[in-house]
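What follows is one structure encoded as structure tokens, with my remarks underneath.
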Amino acid sequence: PHAALGLLFGVDRSTITRAIGEMRGLLAERGCAVPDRPGLRLRTLADVFAYAQAEGIELRLDATEVQVRRPPAGRGGRRAFVSGKKKQNTMKATVVADHEGRTLWTDALRPGRMHDATAARNEGIGTCFQHFSDVEVLLDDGYLGLRRDHPGQAVTPPRKGNKISPPEVLEARLRARHRHSSKRITVEHALADHKRWKQLVRWTHRRENLPATYRAIAGLVSDRNTTD
């Protein structure tokens, strides 16, 4: 608690709260570390795409949700935070990682009701695909709309065969989906690294502070994974 920290440092609780707020903002604006490039950091999605194209890196993108406090009754936009998947009030973070599971970028977070693909589009992923035509991004089945709009760049797993498909077709598609999942699993590892921080399991503070907190934690995790 801030009051306990204030007692330890011999200052008022409000001083600790103000200092934490300032530090949170500074850490959030640092961005994520670049492997083997000390001093260089990725702050925007365009930075990540430019880095991936220059280095020939295949990106992985996925979204995760953090449970937040329910907005007060009567407040506008209250339903926007109700996740269709979790049936809880959440905020959604979109994260990009590389082939080794190192976090390269995370967005400013969106209300949990928003679709994963819509959240990515709102961050400008369509423009990034247009400007960086050599970059491929591995996605899951929730991003089929991006695959339709950006074929060859937005890569989702093959569709499952239907009941009338020959057994060899079903087996081939199953193997292809398994290969895709094995390559994309590194972004799941990156998300798991973030969720090791207790604050991102269930956020009990002001919702407006969660985006900066998540980006600050993502930057710290990227620093640790880059120097390991």
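Residues are referred to by chain and number: the chain letter is A, B, ... according to the order shown in the structure tokens, the number counts from 1 in that chain, and ligands are numbered separately from 1 in the order shown.
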For His2 (chain A): contacts at 7 Å, only C-alpha atoms, fewer than 5 positions along chain excluded, given as a list in words: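 Here the answer would be Arg13, Ile16 and Thr17 of chain A.
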May I have the selected residues written with all heavy atoms, as an mmCIF file, in the first residue's frame?
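Now in result.cif:
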data_model
loop_
_atom_site.group_PDB
_atom_site.id
_atom_site.type_symbol
_atom_site.label_atom_id
_atom_site.label_comp_id
_atom_site.auth_asym_id
_atom_site.auth_seq_id
_atom_site.Cartn_x
_atom_site.Cartn_y
_atom_site.Cartn_z
ATOM 1 N N ARG A 13 1.649 9.772 2.097
ATOM 2 C CA ARG A 13 1.133 8.813 1.114
ATOM 3 C C ARG A 13 0.917 9.454 -0.247
ATOM 4 O O ARG A 13 1.166 8.852 -1.296
ATOM 5 C CB ARG A 13 -0.198 8.228 1.609
ATOM 6 C CG ARG A 13 -0.815 7.202 0.652
ATOM 7 C CD ARG A 13 -2.293 7.028 0.900
ATOM 8 N NE ARG A 13 -3.010 8.287 0.798
ATOM 9 C CZ ARG A 13 -3.370 8.842 -0.368
ATOM 10 N NH1 ARG A 13 -3.058 8.250 -1.510
ATOM 11 N NH2 ARG A 13 -4.018 9.996 -0.382
ATOM 12 N N ILE A 16 3.985 9.432 -2.434
ATOM 13 C CA ILE A 16 4.237 8.130 -3.062
ATOM 14 C C ILE A 16 3.321 7.923 -4.254
ATOM 15 O O ILE A 16 3.747 7.471 -5.325
ATOM 16 C CB ILE A 16 4.054 7.006 -2.031
ATOM 17 C CG1 ILE A 16 5.100 7.124 -0.908
ATOM 18 C CG2 ILE A 16 4.139 5.644 -2.708
ATOM 19 C CD1 ILE A 16 6.520 6.918 -1.371
ATOM 20 N N THR A 17 2.036 8.249 -4.087
ATOM 21 C CA THR A 17 1.070 8.078 -5.173
ATOM 22 C C THR A 17 1.453 8.920 -6.378
ATOM 23 O O THR A 17 1.380 8.454 -7.533
ATOM 24 C CB THR A 17 -0.337 8.470 -4.692
ATOM 25 O OG1 THR A 17 -0.696 7.655 -3.566
ATOM 26 C CG2 THR A 17 -1.356 8.286 -5.804
#
Each residue of region 65-164 of chain A lying at most 10 Å from region 21-43 of chain A should get a row with its shortest atom-to-atom pair and the distance in Å to one decimal, counting only C-alpha atoms; could you produce that, ordered by chain and increasing number, as a tab-separated table?
residue	atom	partner	partner_atom	distance
A:Asp98	CA	A:Pro35	CA	10.0
A:Arg102	CA	A:Pro35	CA	8.4
A:Thr103	CA	A:Cys32	CA	6.9
A:Leu104	CA	A:Cys32	CA	5.5
A:Trp105	CA	A:Cys32	CA	6.1
A:Thr106	CA	A:Gly31	CA	8.6
A:Asp107	CA	A:Arg43	CA	9.4
A:Ala108	CA	A:Ala28	CA	9.7
Hey, can you spit out that residue selection with all heavy atoms as a compact mmCIF listing (two decimals), in the first residue's frame?
# COMPACT_ATOMS: atom_id res chain seq x y z
N ASP A 98 8.20 -11.82 -31.17
CA ASP A 98 9.00 -12.41 -32.25
C ASP A 98 9.02 -13.92 -32.11
O ASP A 98 8.29 -14.51 -31.30
CB ASP A 98 10.41 -11.82 -32.27
CG ASP A 98 11.21 -12.13 -31.01
OD1 ASP A 98 10.71 -12.91 -30.16
OD2 ASP A 98 12.33 -11.62 -30.86
N ARG A 102 9.82 -12.85 -27.44
CA ARG A 102 10.18 -11.56 -26.84
C ARG A 102 9.15 -10.51 -27.24
O ARG A 102 8.82 -10.37 -28.41
CB ARG A 102 11.58 -11.14 -27.29
CG ARG A 102 12.67 -12.07 -26.78
CD ARG A 102 14.03 -11.73 -27.31
NE ARG A 102 14.13 -11.94 -28.75
CZ ARG A 102 15.27 -12.20 -29.39
NH1 ARG A 102 16.40 -12.29 -28.72
NH2 ARG A 102 15.28 -12.37 -30.69
N THR A 103 8.65 -9.78 -26.26
CA THR A 103 7.64 -8.75 -26.51
C THR A 103 8.26 -7.60 -27.29
O THR A 103 9.28 -7.04 -26.88
CB THR A 103 7.06 -8.23 -25.19
OG1 THR A 103 6.47 -9.31 -24.46
CG2 THR A 103 6.00 -7.17 -25.45
N LEU A 104 7.61 -7.23 -28.41
CA LEU A 104 8.08 -6.12 -29.23
C LEU A 104 7.18 -4.90 -29.15
O LEU A 104 7.63 -3.78 -29.42
CB LEU A 104 8.20 -6.57 -30.69
CG LEU A 104 9.17 -7.72 -30.98
CD1 LEU A 104 9.16 -8.04 -32.47
CD2 LEU A 104 10.58 -7.39 -30.51
N TRP A 105 5.90 -5.13 -28.81
CA TRP A 105 4.97 -3.99 -28.79
C TRP A 105 3.67 -4.42 -28.14
O TRP A 105 3.26 -5.58 -28.22
CB TRP A 105 4.70 -3.52 -30.22
CG TRP A 105 3.64 -2.47 -30.35
CD1 TRP A 105 3.79 -1.12 -30.19
CD2 TRP A 105 2.26 -2.67 -30.68
NE1 TRP A 105 2.59 -0.48 -30.40
CE2 TRP A 105 1.64 -1.41 -30.71
CE3 TRP A 105 1.51 -3.81 -30.96
CZ2 TRP A 105 0.30 -1.25 -31.00
CZ3 TRP A 105 0.16 -3.67 -31.24
CH2 TRP A 105 -0.43 -2.39 -31.27
N THR A 106 3.00 -3.47 -27.49
CA THR A 106 1.63 -3.66 -27.03
C THR A 106 0.88 -2.37 -27.22
O THR A 106 1.46 -1.28 -27.18
CB THR A 106 1.60 -4.11 -25.55
OG1 THR A 106 0.25 -4.40 -25.18
CG2 THR A 106 2.14 -3.02 -24.64
N ASP A 107 -0.43 -2.47 -27.45
CA ASP A 107 -1.23 -1.29 -27.78
C ASP A 107 -1.68 -0.57 -26.52
O ASP A 107 -1.26 -0.89 -25.41
CB ASP A 107 -2.42 -1.69 -28.65
CG ASP A 107 -3.44 -2.54 -27.89
OD1 ASP A 107 -3.11 -2.99 -26.78
OD2 ASP A 107 -4.54 -2.78 -28.42
N ALA A 108 -2.57 0.42 -26.71
CA ALA A 108 -3.04 1.23 -25.60
C ALA A 108 -4.24 0.63 -24.87
O ALA A 108 -4.83 1.28 -24.02
CB ALA A 108 -3.41 2.63 -26.11
Separation of CA of Val187 (chain A) from CA of Gly101 (chain A) in Å: 5.4 Å
Residue among A:Asp134, A:Val66, A:Gly84, A:Arg75 lying closest to Lys198 (chain A), counting only C-alpha atoms: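 Nearest to Lys198 (chain A): A:Val66.
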Backbone DSSP call of helix (DSSP H, G or I) for chain A, listed as a PyMOL selection string: chain A and resi 2-9+13-30+45-55+78-81+116-122+125-131+141-149+167-195+198-200+207-227
Pick from A:Ala3, A:Ala50, A:Leu144, A:Ala97, whichever lies nearest to Ser222 (chain A) using only C-alpha atoms: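 Closest to Ser222 (chain A) of all the choices is A:Ala97.
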Selected residue of minimal separation from Arg159 (chain A) among A:Ala73, A:Ala54, A:Met114, A:Leu174, counting only C-alpha atoms: A:Leu174
Secondary structure check, strand (DSSP E) residues of region 26-164 of chain A, as a ChimeraX atom specification: /A:32-33,41-42,59-67,90-97,103-106,110-111,137-138,154-155
Hey, can you spit out that residue selection with C-alpha atoms as a compact mmCIF listing (two decimals), in the first residue's frame?
# COMPACT_ATOMS: atom_id res chain seq x y z
CA CYS A 32 10.07 -2.32 -25.85
CA ALA A 33 13.71 -3.28 -26.19
CA ARG A 41 13.38 0.80 -28.62
CA LEU A 42 10.12 0.07 -30.44
CA LEU A 59 5.93 -11.59 -36.26
CA ARG A 60 3.33 -13.15 -33.96
CA LEU A 61 0.26 -11.19 -32.82
CA ASP A 62 -2.41 -12.06 -30.29
CA ALA A 63 -4.73 -10.43 -27.77
CA THR A 64 -5.30 -11.02 -24.07
CA GLU A 65 -7.86 -9.68 -21.62
CA VAL A 66 -7.45 -8.29 -18.11
CA GLN A 67 -10.40 -8.30 -15.73
CA THR A 90 -12.31 -6.67 -19.16
CA MET A 91 -9.88 -4.58 -21.17
CA LYS A 92 -8.10 -6.09 -24.16
CA ALA A 93 -4.40 -5.78 -24.94
CA THR A 94 -2.94 -6.60 -28.36
CA VAL A 95 0.65 -7.83 -28.20
CA VAL A 96 3.29 -8.50 -30.87
CA ALA A 97 6.18 -10.89 -30.20
CA THR A 103 7.64 -8.75 -26.51
CA LEU A 104 8.08 -6.12 -29.23
CA TRP A 105 4.97 -3.99 -28.79
CA THR A 106 1.63 -3.66 -27.03
CA ARG A 110 -9.36 -1.42 -25.72
CA PRO A 111 -12.67 -2.29 -24.00
CA VAL A 137 2.31 -11.93 -39.11
CA LEU A 138 1.12 -15.25 -37.64
CA ALA A 154 -1.76 -11.98 -42.28
CA VAL A 155 -1.31 -15.74 -41.87
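Taking CA of Arg148 (chain A) and CA of Glu58 (chain A) as endpoints, the distance between them is 18.7 Å.
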Residue with smallest distance to His99 (chain A) - pool A:Gly56, A:Glu171, A:Gly10, A:Leu220, counting only C-alpha atoms: A:Gly56
Spatial neighbours of His150 (chain A), max dist 10 Å, only C-alpha atoms, sep filter under 6 positions, as JSON, numbers by chain: {"A": [126, 129, 130, 133, 136, 144]}
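Atom pair CA of Asp149 (chain A) / CA of Leu45 (chain A) has a distance of 18.1 Å (rounded to one decimal).
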